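What follows is a single structure, written as structure tokens, with notes after it.
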Amino acid sequence: MATSSSSHAYIHHTAISYTPPKWAERLSKVPKERIILGVLPTPLHKWNIQNLPCGMEVYVKRDDLTEMQMSGNKARKLEFLMAEAKGNGHDCVITIGGIQSNHARATAVASSYLGLPCHLILRTSRQVVDKDPGLVGNLLLDRLSGANIHLVTKEEYGCNGSGKLMDILSQRLVSEGKRPFLIPVGGSNATGAWGYLEAIREMENDIRNLGITDIVMACGSGGTASGVALGNRLSGLNVRVHAYGVCDDPAYFYQHVADTCTDLGFPCVYGGAASASSGAEAAHTPFLTERERNDKRRMTNVEEEEEAVPVDVRDLLRCVQARGSGYAVSTTAELGTITNVAKTTGVVLDPVYNGKAFHVFVREVEQAASEW
């Protein structure tokens, strides 16, 4: 038998008992187990972006390297979601997303790893819904992984919502004697958020040692943002967190993060500043002054919070509009940014999520360098 003292030397696709970071012990819904799916920790390295303001350094956390078929942030969330499914005796999994959903693909692969039948409800156009969806992109991996594909139109999705559509399928499977486990869009709920609470523990020493002041990420369903924002606060890092939304508006993401944190036992509220579709949304939450940032650093963990008093979610993160022309619709400028980054740094950004987020981030740096 091979042994190792490494905390990451686990057998993949097996469940292990989970102990949360000390600063997260008082949260609710602490997972009992975690199933190792990702290749972790992922690398963190300096990112030599061109034309940065003098003295500014950017580092990139390579969560695109978590695992080939599951690469990206989905692997971290699914480690806890799939452990819950297996631990509670469920015998199949249901999730939902767009026709080329990365999350759906990752869930299909994870389910295949663990021997759980997977049902994917995939949103597509009315013209395609009654046809064979083919073997293009993520659909190829969905089908190779044995997932059961259920197509719905965008109109059905908009009318019913993701929760109701999953409930309808769940009831049918229950009537057939199954015990389905439902995973929301993007794996973004309290259980999934533990993936990025754990990621903060993974990055904590690097953030302190490198003097990192800001965390920037793309935001598609809000689960990663919830885990990062809450972990940043509870761990006492208190760097600035910026979530660049690529689909819904900032108000939606603020509310989602507030709800998720509250569900985890850290009461949060969102004041409900009016959402808009203009570029002004990028400044929806202003940058903190240096004094305000220092004040926040004095609040080091959950024990120091007045737990009965909800925290304004805008004290945890800043949500920024970055959807451009629309979800999965790329502008010439966005594609230019992606191409330039690939040519000059070797890092390939995807056009749907981190490409859009990075494009708006660099525009903000150009327009207000002193804020960074």
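Here, A, B, ... name the chains of the structure tokens in the order displayed, residue numbers run from 1 inside each chain, and ligands are numbered from 1 in the same displayed order.
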Please report, as a Markdown table, each residue of segment 16-108 of chain A lying at most 8 Å from segment 164-176 of chain A, together with the nearest pair of atoms and the separation in Å rounded to one decimal; use only C-alpha atoms, and order rows by chain and ascending residue number.
| residue | atom | partner | partner_atom | distance |
| --- | --- | --- | --- | --- |
| A:Ile94 | CA | A:Met166 | CA | 6.9 |
| A:Thr95 | CA | A:Met166 | CA | 7.1 |
| A:Ile96 | CA | A:Met166 | CA | 7.3 |
Take the residues that were just selected and, keeping all heavy atoms, output them as a compact mmCIF listing (two decimals), in the first residue's frame.
# COMPACT_ATOMS: atom_id res chain seq x y z
N ILE A 94 -30.32 14.97 -11.46
CA ILE A 94 -30.95 15.86 -12.43
C ILE A 94 -30.29 17.22 -12.33
O ILE A 94 -30.10 17.75 -11.22
CB ILE A 94 -32.46 16.04 -12.17
CG1 ILE A 94 -33.21 14.71 -12.24
CG2 ILE A 94 -33.07 17.04 -13.15
CD1 ILE A 94 -34.66 14.82 -11.81
N THR A 95 -29.94 17.83 -13.46
CA THR A 95 -29.56 19.23 -13.46
C THR A 95 -30.04 19.88 -14.75
O THR A 95 -30.60 19.21 -15.62
CB THR A 95 -28.05 19.42 -13.23
OG1 THR A 95 -27.80 20.78 -12.86
CG2 THR A 95 -27.24 19.10 -14.49
N ILE A 96 -29.81 21.18 -14.87
CA ILE A 96 -30.41 21.93 -15.96
C ILE A 96 -29.46 23.03 -16.42
O ILE A 96 -28.65 23.54 -15.64
CB ILE A 96 -31.77 22.53 -15.51
CG1 ILE A 96 -32.55 23.13 -16.68
CG2 ILE A 96 -31.59 23.54 -14.38
CD1 ILE A 96 -34.02 23.41 -16.33
Which polymer residues have any atom within 9 Å of an atom of Val129 of chain A, counting only C-alpha atoms, with same-chain residues fewer than 6 positions away left out, as a PyMOL selection string? chain A and resi 123+151-153
Restricting it to all heavy atoms, dump the selection as a CSV table (one decimal), in the first residue's frame.
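Result file part32.csv:
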chain,number,residue,atom,x,y,z
A,123,ARG,N,-31.8,23.7,-22.4
A,123,ARG,CA,-32.5,24.7,-23.0
A,123,ARG,C,-32.0,25.0,-24.5
A,123,ARG,O,-30.8,25.1,-24.7
A,123,ARG,CB,-32.4,26.0,-22.2
A,123,ARG,CG,-33.2,27.2,-22.7
A,123,ARG,CD,-33.0,28.4,-21.8
A,123,ARG,NE,-31.6,28.8,-21.9
A,123,ARG,CZ,-30.7,28.7,-20.9
A,123,ARG,NH1,-31.0,28.2,-19.7
A,123,ARG,NH2,-29.5,29.2,-21.0
A,151,LEU,N,-34.8,17.9,-23.8
A,151,LEU,CA,-34.7,19.3,-24.4
A,151,LEU,C,-36.0,20.1,-24.1
A,151,LEU,O,-37.1,19.5,-24.1
A,151,LEU,CB,-34.6,19.2,-25.9
A,151,LEU,CG,-33.3,18.5,-26.4
A,151,LEU,CD1,-33.3,18.6,-28.0
A,151,LEU,CD2,-32.0,19.2,-25.9
A,152,VAL,N,-35.8,21.3,-23.7
A,152,VAL,CA,-36.9,22.3,-23.6
A,152,VAL,C,-36.7,23.5,-24.4
A,152,VAL,O,-35.5,23.9,-24.6
A,152,VAL,CB,-37.1,22.6,-22.1
A,152,VAL,CG1,-37.5,21.4,-21.3
A,152,VAL,CG2,-35.9,23.3,-21.5
A,153,THR,N,-37.7,24.2,-24.7
A,153,THR,CA,-37.5,25.5,-25.5
A,153,THR,C,-37.2,26.6,-24.5
A,153,THR,O,-37.4,26.5,-23.3
A,153,THR,CB,-38.8,25.8,-26.2
A,153,THR,OG1,-39.8,26.1,-25.3
A,153,THR,CG2,-39.3,24.7,-27.2
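Here the question is which of A:Ser101, A:Ser28, A:Thr191, A:Thr262 gets nearest to Thr224 of chain A using only C-alpha atoms, and that residue is A:Thr191.
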Give one line per residue of segment 211-251 of chain A that approaches segment 103-110 of chain A to at most 12 Å, naming the two atoms of the closest pair and their distance in Å to one decimal, counting only C-alpha atoms; sort by chain then ascending residue number and deliver it as CSV.
residue,atom,partner,partner_atom,distance
A:Gly220,CA,A:His103,CA,10.6
A:Ser221,CA,A:His103,CA,10.3
A:Gly223,CA,A:His103,CA,11.7
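Those residues that approach Phe181 of chain A to within 8 Å, counting only C-alpha atoms, are Ala85, His90, Asp91, Cys92, Val93 and Ile94 of chain A; same-chain residues fewer than 4 positions away are not listed.
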Output of the above residues as a PDB file, in the first residue's frame, restricted to N, CA, C and O atoms:
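So result14.pdb came out as:
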ATOM      1  N   ALA A  85     -25.295  13.760  -2.764  1.00  0.00           N
ATOM      2  CA  ALA A  85     -26.171  12.831  -3.481  1.00  0.00           C
ATOM      3  C   ALA A  85     -25.908  11.387  -3.067  1.00  0.00           C
ATOM      4  O   ALA A  85     -26.834  10.623  -2.741  1.00  0.00           O
ATOM      5  N   HIS A  90     -29.248   8.798  -2.928  1.00  0.00           N
ATOM      6  CA  HIS A  90     -29.920   9.063  -4.208  1.00  0.00           C
ATOM      7  C   HIS A  90     -29.336   8.156  -5.291  1.00  0.00           C
ATOM      8  O   HIS A  90     -28.148   7.798  -5.252  1.00  0.00           O
ATOM      9  N   ASP A  91     -30.177   7.779  -6.257  1.00  0.00           N
ATOM     10  CA  ASP A  91     -29.719   6.833  -7.276  1.00  0.00           C
ATOM     11  C   ASP A  91     -29.671   7.418  -8.680  1.00  0.00           C
ATOM     12  O   ASP A  91     -29.430   6.697  -9.654  1.00  0.00           O
ATOM     13  N   CYS A  92     -29.913   8.714  -8.813  1.00  0.00           N
ATOM     14  CA  CYS A  92     -29.755   9.391 -10.099  1.00  0.00           C
ATOM     15  C   CYS A  92     -29.675  10.897  -9.838  1.00  0.00           C
ATOM     16  O   CYS A  92     -29.985  11.367  -8.734  1.00  0.00           O
ATOM     17  N   VAL A  93     -29.244  11.629 -10.844  1.00  0.00           N
ATOM     18  CA  VAL A  93     -29.009  13.067 -10.707  1.00  0.00           C
ATOM     19  C   VAL A  93     -29.744  13.814 -11.813  1.00  0.00           C
ATOM     20  O   VAL A  93     -29.804  13.348 -12.956  1.00  0.00           O
ATOM     21  N   ILE A  94     -30.316  14.969 -11.461  1.00  0.00           N
ATOM     22  CA  ILE A  94     -30.949  15.860 -12.433  1.00  0.00           C
ATOM     23  C   ILE A  94     -30.293  17.224 -12.328  1.00  0.00           C
ATOM     24  O   ILE A  94     -30.098  17.745 -11.222  1.00  0.00           O
TER      25      ILE A  94
END
